[in-house]
Structure formats: structure tokens, C-alpha cells
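S.K.: Pasting a structure below so you can have a look.
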Protein chains: 2
Amino acid sequence: MSATVPLSSTSRDGGAPRPRPAGGDPCAGPATAAGRTLAVLAAFGPEHSSLSLSEISRRTGLSLTTTHRLVGELREWGALERGADGRYGIGLRLLELGALAPHGLQLRELALPYLDDLHHATRANVHLAVRDGHDVVYVESLRARGAVQVLSRLGGRWPLHATGTGQVLLAYASPELQREVVASPLRRFTANTITDVEELRRTLAEVRRTGVAIAENQLTAEALALAVPVRGPGDEVIAALGVTVQRAAVKSHALIPVLAATARGISRALGAPSVSTVDRRSVRRTTQPDLH
Amino acid sequence: MSATVPLSSTSRDGGAPRPRPAGGDPCAGPATAAGRTLAVLAAFGPEHSSLSLSEISRRTGLSLTTTHRLVGELREWGALERGADGRYGIGLRLLELGALAPHGLQLRELALPYLDDLHHATRANVHLAVRDGHDVVYVESLRARGAVQVLSRLGGRWPLHATGTGQVLLAYASPELQREVVASPLRRFTANTITDVEELRRTLAEVRRTGVAIAENQLTAEALALAVPVRGPGDEVIAALGVTVQRAAVKSHALIPVLAATARGISRALGAPSVSTVDRRSVRRTTQPDLH
DNA sequence: ACGCGCCTTCCTCCGGACGGAAGCCCGACC
DNA sequence: GGTCGGGCTTCCGTCCGGAGGAAGGCGCGT
């Protein structure tokens, strides 16, 4: 083919017409093959759990031909499957893989009995969540039988600042991460969502002081979320345990002791050093206001 | 050291280029870029939920360089994550995706309250499973608090013939699929595993007749599994509901009515046509032996 | 010091991937 | 019926991204 091309020269570019008229792909830049493969998977989401080939093509920005081939490979492998209607959905092979996430379902596996007890004792929605980047991801979500008001699906993902569990995870995260999150735009979901930087800082400090996050109507209206940290072998916070109740529920704060006790149970099962005195103290303190 | 996995990985394959895999190797050759990407993910499994870069390279048969690049991309995307020890594991992004599987966690979501009730009523291990190819995949698994004897992790995968839930799914699958499975080698797990073709045929016929699969010690010793079908809107069997108890447990058959009732509840919630008479009859019949 | 794994970066050549184009099926609309 | 349009599939030539060899930096045990 062509002889060796001088690396630094741009002269060759002039002759070649740019075959890519696509001026702006701001969000999707799958320049690599692996990236394109992942882009196909990323086309699916809670709102779009079933897509046609053309829809995948449009959402990824890939040509129909490429989409067709990639989808075919993914389907053969089991990452995607084709429904009776010809549309594509996520395949069970991905569930199988996802279940291997170390801080995901493995953690869930261990915590489930505790969550179940808590669920039955309180009749509230119960969540277990971990941090992933700037998001909180729900690793388990037990919905109350009656009042279903849930945004928290298993595998659900929300910004850290907008949920009780997220605030716990953020409060105990590294200062560096906290800076990053605080510096990023804080998306508003309801009138009560914390979007002010100073208010968020104060909230996080309060969470650290008391050991409990209390979020009222921050992600959805008419919901009150309580959350506490779950600790691992090194006493570091690796997850957050939370309950959500209808806001009208009476004496929500009365849930805090049992919530904290459950979190300690899980922490101990995870190998956390026996209950830290800090936690004990703070739990007591936070339960005081409930008395008067 | 664990036994090496036969991945057909030979370090030197450069000699003869494969004579065009005409589309007939489903699980073997990562000839394509997408295939290589998926191969990296497939290197992970229940036994290997955490791998170093070199291990991934060896297990996939990819060169270290290629592995390095692919792993980097997967990590950036969130499919993999790197632990504190430098080893790689499955990332939460895959859990998020896997949760979208239509016959996976969406089904689970709906069925969970019923499973929970059953779990509390029986104190047995409770499973919900669907079929994927020639395997049964567990979509939910609630473990009994005390006797933990579980091979059935969420996302777990086993051959259809070796489990109660699998036998149910196989019994109601298309004749074509049944032929395929019966024709394939039936792997043995315990002395009681059904490996004889005729015995399997008889068992499946019995499952269809009674509506219940009863598997004793077929996957693990000292375990008795009971399973019944769960039906969807078109009355087709889309899942199997099962319980597993210690074999010594008294009067295991007494569980069948509540098991069947739970399955009917889930089926109705899925939009199945109101209880089929066939089911009613067969359930009654199967419970008869328990009376004398 | 030395060797030995493991990980990371750099660079070149080759072959697979990309997308245009055309064919196919089906349902809608005139 | 004819025509059109949207979605899907197949084919094929070009070209650019990817594969992997080679070399360099760790950390560890001998």
C-alpha cells in the first residue's frame, strides 16, 4: 500500500475527504470496537428494557449494519435475547454475570436475612445500597406489600446527594470524592432535594455526627428515608442500609434503633470489628429527639 | 491450584488461519472484536469472581496486551472494577444491566412478595427459576435461615435435568427442546442424578401428569426439591417455583399444596388465565399420598 | 545481585470491522 | 392492486482500528 507516512505531517489529511459527516457526537464516542459493543448494551435502560434493532441503531448512533452484526453476536453469546415480538432485551447471561459483582449481589446474599427481618419488623421499604462512582446503586430492595411507591429497583442508580442511602455513602466517602460530588451540579428531583452546596455540606456533617441520614421528600414527594452505614472488616463504610416510609407514617424516628441494630448485624457478619463505640453513642443520641 | 479450564487456548495458533468459521462455533473462538470483549467477561464465573490481568489473559487465550486494553475499556465503562488488591471483578454496571432482563429480575420483582410469604410459611429454601437454553437460571433464591445448603445463588445456572425446577421447565418446554436435551449428555452430580434417557422421559411425563417435580438428591445429597410451574398470560409455562428442604425433613409432601398455591398466585399476578382446571386436579391428586 | 512474574507503554503491519447499497418482507395507505 | 415506506437482512470493497511483539518499570522471593 502507501509508503510510510511521516508521522508528524498533516499533509495527507488534506487529500482524504472526511467520510464522516457526523459533525457532533457529543455524548456517544464509541471509537473502539469494544466501545461500540458496550454502546449497544448501554442503549438499554430502565425506560428502555426492550428495543428493536432500528431503535438500538438510533440510540447508539451506529449504522444499522454494524448494529445488526453486533446485536447478532451479543445474542449468540447470551447478552441479549430476542422476544417473541422480534424486539431485543437483556439476556440472562448478563444477570448471571452481574450477580458476581463483589460489592453487589455477593453482599446482598449475606445481608438478605437481616433485610428480611427488618422488612417484616417495620413493614417499610428496605434498601441496601453501595456506591459506584458518583451514584448510589441499590443492591437489594424489599418493597412494602401495601404501599408501593418505589423508585428503588434492584440495580437502580441515583445521584448520591438525593437519597438517604446516598448521603450516608457520601458522608463517609473520601474527602476527594466528596469534593468532586459537591463541585458537580446537584440535580433537583423535588422541591426538597438538596441542591445547595452549603446545605449539602452541613447535611453530610450531620450524618457523620449522628450516624443517620434523614431525607424527607428529596427524591420523591411524600417519602421519608432513613439510612445508616454498614461497615466492613476494616471498619470502613462499604454500604448503606435504608428504609423508606410514607411521610405520614407516625413516629418514623422510632425506626432508627432497629435500623441501626440491623446495620450492626450485617456489619458484624461482614467481619467488621465489634461494634464501634462511636456508632453506639451516636445511635443513642439520635434516638433522643424522638422522646420529647 | 484449581484445575485449568479447557478453553481450547493454545499459545501458538498463528500457523494456519482458521478456515473461516462459517458460523458454527457458539462458544469457542473469539475471532471478532466483540467476541473478544465478551470473552473477557466470560472469564469470570462463580468460581472466579476475582481475577488478575494475567489470569484473564490466560483464561481467554488473548494476548496480555489485548487483554490489558480491553480490560481498560471495560473498566472505564463500568463493566469491570478494580479492587484494592489490584485484581478485577465484575462492576455494578453489569448488575444494573442484568436487572433489566425481562424474564429475569423483572419477573423476580413481581414474584418476590409471594416468595417471601412462602419462605416464611415453610422455612424452606425457596427458588424462582427460568429456562435459558439448556440450563435453568435462578432468578431468586431465598435461603432458609438455619440450614444453609445452597447451590442456588441468584443468577446460578444448572442443567435442566438435574434440578426440580429444571425438570418442570423441561417438562413443559417444546418437544423440540426436550429432544435436544434428552439427546445431549446428562451430566451426573450425585448417585441419584437422572442420567438415563428413558428415566428422564418417564420423569418428565410424570411431572406433566401431576404438575409437580420431585427431585431427591439429584443435584446435592441430602436435599429434596419440589417444584411447580408458573404460568404467564398465554397459560404457557414461563418459570418454575421450587422449594428445597433437608431430606430428613418430615412430611415434605405436605409442602406441595402451599407451593402450588403460591405458584398460582404468581401466575395470576402475571396475567395468567384464571386457574386452569388441570392444575387444580393434579394438585389434589399429588397431595393424596400424603394423607394415608 | 539475580531471576521471575506481573503490569504497562510504544509501535508497526495486517485483517477484521465499517457502512454503502441493494434485496426482502410486511403492513399502510391511496 | 399498486405503491410506498419502514424495518430487517445480506453482500462486498475499502480502510482504519486492533492485535501482539518487544521493551521497560515495578515488587518479590531465592
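Order determines the names: the first chain of the C-alpha cells is A, the second B, and so forth; residues in each chain are numbered 1 upward, and ligands are numbered 1 upward as they are shown.
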Over all C-alpha pairs taken in order, what is the RMSD once chain A has been least-squares superposed onto chain B?

M.R.: 7.9 Å

S.K.: Residues of chain A within 6 Å of chain B, using only C-alpha atoms, as a PDB file with N, CA and C atoms, in the first residue's frame?

M.R.:
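Writing the result to part30.pdb gives the following:
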```pdb
ATOM      1  N   SER A  49     -36.239  -1.185  28.295  1.00  0.00           N
ATOM      2  CA  SER A  49     -35.753  -2.537  28.531  1.00  0.00           C
ATOM      3  C   SER A  49     -36.014  -3.445  27.337  1.00  0.00           C
ATOM      4  N   ILE A  90     -32.426  -7.611  27.394  1.00  0.00           N
ATOM      5  CA  ILE A  90     -31.231  -8.104  28.060  1.00  0.00           C
ATOM      6  C   ILE A  90     -31.373  -9.603  28.337  1.00  0.00           C
ATOM      7  N   GLY A  91     -30.309 -10.334  28.101  1.00  0.00           N
ATOM      8  CA  GLY A  91     -30.345 -11.782  28.289  1.00  0.00           C
ATOM      9  C   GLY A  91     -29.920 -12.194  29.689  1.00  0.00           C
ATOM     10  N   LEU A  94     -26.298 -11.919  31.242  1.00  0.00           N
ATOM     11  CA  LEU A  94     -25.844 -10.705  31.917  1.00  0.00           C
ATOM     12  C   LEU A  94     -26.287 -10.682  33.371  1.00  0.00           C
ATOM     13  N   LEU A  95     -27.457 -11.242  33.629  1.00  0.00           N
ATOM     14  CA  LEU A  95     -27.863 -11.365  35.033  1.00  0.00           C
ATOM     15  C   LEU A  95     -26.879 -12.253  35.771  1.00  0.00           C
ATOM     16  N   GLU A  96     -26.522 -13.333  35.110  1.00  0.00           N
ATOM     17  CA  GLU A  96     -25.573 -14.270  35.704  1.00  0.00           C
ATOM     18  C   GLU A  96     -24.255 -13.564  36.040  1.00  0.00           C
ATOM     19  N   GLY A  98     -23.781 -10.240  36.331  1.00  0.00           N
ATOM     20  CA  GLY A  98     -23.995  -9.165  37.280  1.00  0.00           C
ATOM     21  C   GLY A  98     -24.057  -9.678  38.709  1.00  0.00           C
ATOM     22  N   ALA A  99     -24.535 -10.910  38.844  1.00  0.00           N
ATOM     23  CA  ALA A  99     -24.656 -11.484  40.177  1.00  0.00           C
ATOM     24  C   ALA A  99     -23.283 -11.715  40.814  1.00  0.00           C
ATOM     25  N   LEU A 100     -22.241 -11.640  40.017  1.00  0.00           N
ATOM     26  CA  LEU A 100     -20.901 -11.890  40.543  1.00  0.00           C
ATOM     27  C   LEU A 100     -20.239 -10.635  41.084  1.00  0.00           C
ATOM     28  N   ALA A 101     -20.869  -9.506  40.919  1.00  0.00           N
ATOM     29  CA  ALA A 101     -20.269  -8.262  41.381  1.00  0.00           C
ATOM     30  C   ALA A 101     -19.942  -8.360  42.862  1.00  0.00           C
ATOM     31  N   GLY A 155     -30.647  -2.805  41.317  1.00  0.00           N
ATOM     32  CA  GLY A 155     -29.849  -2.313  40.196  1.00  0.00           C
ATOM     33  C   GLY A 155     -30.129  -0.866  39.856  1.00  0.00           C
TER      34      GLY A 155
END
```

S.K.: Pick out each residue of region 22-173 of chain A that DSSP on the backbone tags as strand (DSSP E); I need them as a ChimeraX atom specification.

M.R.: /A:50-51,80-82,88-90,125-132,135-142,157-159

S.K.: Restricted to C-alpha atoms, what would the selected residues look like written as a PDB file, in the first residue's frame?

M.R.:
```pdb
ATOM      1  CA  SER A  50     -36.956  -3.694  25.130  1.00  0.00           C
ATOM      2  CA  LEU A  51     -35.707  -2.263  21.857  1.00  0.00           C
ATOM      3  CA  LEU A  80     -29.203 -10.140  24.527  1.00  0.00           C
ATOM      4  CA  GLU A  81     -32.243 -12.171  23.705  1.00  0.00           C
ATOM      5  CA  ARG A  82     -34.996 -11.772  21.236  1.00  0.00           C
ATOM      6  CA  TYR A  88     -34.449  -7.360  21.842  1.00  0.00           C
ATOM      7  CA  GLY A  89     -33.968  -7.396  25.582  1.00  0.00           C
ATOM      8  CA  ILE A  90     -31.231  -8.104  28.060  1.00  0.00           C
ATOM      9  CA  ASN A 125     -39.458  -0.464  52.150  1.00  0.00           C
ATOM     10  CA  VAL A 126     -35.953  -1.689  52.861  1.00  0.00           C
ATOM     11  CA  HIS A 127     -32.885  -0.996  50.735  1.00  0.00           C
ATOM     12  CA  LEU A 128     -29.281  -1.999  50.687  1.00  0.00           C
ATOM     13  CA  ALA A 129     -27.098   0.225  48.554  1.00  0.00           C
ATOM     14  CA  VAL A 130     -23.474   0.688  47.596  1.00  0.00           C
ATOM     15  CA  ARG A 131     -21.606   3.492  45.897  1.00  0.00           C
ATOM     16  CA  ASP A 132     -20.459   3.341  42.299  1.00  0.00           C
ATOM     17  CA  ASP A 135     -24.050   7.248  42.115  1.00  0.00           C
ATOM     18  CA  VAL A 136     -25.737   5.046  44.630  1.00  0.00           C
ATOM     19  CA  VAL A 137     -26.763   1.619  43.325  1.00  0.00           C
ATOM     20  CA  TYR A 138     -29.398  -0.474  45.008  1.00  0.00           C
ATOM     21  CA  VAL A 139     -28.215  -3.982  45.670  1.00  0.00           C
ATOM     22  CA  GLU A 140     -31.463  -5.067  47.191  1.00  0.00           C
ATOM     23  CA  SER A 141     -34.837  -3.529  47.571  1.00  0.00           C
ATOM     24  CA  LEU A 142     -37.668  -5.100  49.514  1.00  0.00           C
ATOM     25  CA  ARG A 157     -28.981   4.068  40.188  1.00  0.00           C
ATOM     26  CA  TRP A 158     -29.397   7.580  41.582  1.00  0.00           C
ATOM     27  CA  PRO A 159     -27.192  10.535  42.404  1.00  0.00           C
TER      28      PRO A 159
END
```

S.K.: For chain C, report every residue with an atom at most 9 Å from chain A (counting only C-alpha atoms (C1' of nucleotides)), formatted as a ChimeraX atom specification.

M.R.: /C:17-19

S.K.: With C-alpha atoms (C1' of nucleotides) retained, write the just-selected residues as a compact mmCIF listing (two decimals), in the first residue's frame.

M.R.:
```txt
# COMPACT_ATOMS: atom_id res chain seq x y z
C1' DA C 17 -14.84 -4.17 11.00
C1' DC C 18 -17.47 -0.49 9.00
C1' DG C 19 -21.06 1.27 6.23
```

S.K.: Which polymer residues have any atom within 12 Å of an atom of region 170-174 of chain A, counting only C-alpha atoms (C1' of nucleotides), with same-chain residues fewer than 5 positions away left out, as number ranges by chain?

M.R.: A: 129-136, 159-165, 179-182, 200-213, 227-231, 235-240

S.K.: Could you save those same residues with C-alpha atoms as a compact mmCIF listing (two decimals), in the first residue's frame?

M.R.:
```
# COMPACT_ATOMS: atom_id res chain seq x y z
CA ALA A 129 -27.10 0.23 48.55
CA VAL A 130 -23.47 0.69 47.60
CA ARG A 131 -21.61 3.49 45.90
CA ASP A 132 -20.46 3.34 42.30
CA GLY A 133 -18.71 6.46 41.15
CA HIS A 134 -20.97 9.41 41.88
CA ASP A 135 -24.05 7.25 42.11
CA VAL A 136 -25.74 5.05 44.63
CA PRO A 159 -27.19 10.53 42.40
CA LEU A 160 -25.61 10.37 45.82
CA HIS A 161 -26.99 13.67 47.08
CA ALA A 162 -30.64 12.89 46.51
CA THR A 163 -31.23 9.81 48.62
CA GLY A 164 -30.76 8.85 52.23
CA THR A 165 -28.53 5.92 51.39
CA ARG A 179 -15.25 17.46 46.75
CA GLU A 180 -15.97 16.06 43.31
CA VAL A 181 -19.62 15.47 44.05
CA VAL A 182 -20.12 18.77 45.76
CA LEU A 200 -25.23 19.52 51.42
CA ARG A 201 -22.03 20.05 53.39
CA ARG A 202 -23.98 20.66 56.53
CA THR A 203 -26.14 17.62 55.92
CA LEU A 204 -23.13 15.40 55.45
CA ALA A 205 -21.53 16.70 58.63
CA GLU A 206 -24.73 15.98 60.47
CA VAL A 207 -24.81 12.45 59.05
CA ARG A 208 -21.27 11.87 60.29
CA ARG A 209 -22.13 13.28 63.69
CA THR A 210 -25.30 11.29 64.23
CA GLY A 211 -24.63 8.24 62.09
CA VAL A 212 -28.01 8.56 60.43
CA ALA A 213 -29.22 10.26 57.28
CA ALA A 227 -30.29 5.40 56.26
CA VAL A 228 -27.29 4.21 58.24
CA PRO A 229 -23.84 2.94 57.29
CA VAL A 230 -22.80 -0.70 57.01
CA ARG A 231 -19.18 -1.39 57.78
CA ASP A 235 -14.41 -0.61 59.78
CA GLU A 236 -14.75 1.29 56.53
CA VAL A 237 -18.24 2.05 55.25
CA ILE A 238 -18.99 -0.23 52.34
CA ALA A 239 -22.74 0.03 52.05
CA ALA A 240 -25.76 1.83 53.35
```

S.K.: Write out as a ChimeraX atom specification every residue belonging to chain D that has an atom at most 12 Å from any atom of chain B, counting only C-alpha atoms (C1' of nucleotides).

M.R.: /D:17-22

S.K.: In Å, how far is it from CA of Ala111 (chain B) to CA of Leu270 (chain B)?

M.R.: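 Interatomic distance here is 8.8 Å.
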
S.K.: Which polymer residues have any atom within 9 Å of an atom of DT9 (chain D), counting only C-alpha atoms (C1' of nucleotides), with same-chain residues fewer than 4 positions away left out, as a list in words?

M.R.: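 Counting only C-alpha atoms (C1' of nucleotides), the residues come to Thr65 and His68 of chain A; DG23 and DC24 of chain C.
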
S.K.: In Å, with one decimal, what is the gap from C1' of DG13 (chain D) to CA of Val40 (chain A)?

M.R.: 25.7 Å

S.K.: DSSP on the backbone: what in region 150-289 of chain B comes out helix (DSSP H, G or I), as number ranges by chain?

M.R.: B: 160-162, 164-171, 175-183, 197-210, 252-269, 277-289

S.K.: Can you tell me, as a PyMOL selection string, what residues are no more than 12 Å from DG29 (chain D) when counting only C-alpha atoms (C1' of nucleotides), ignoring any on the same chain fewer than 3 positions away?

M.R.: chain C and resi 2-5
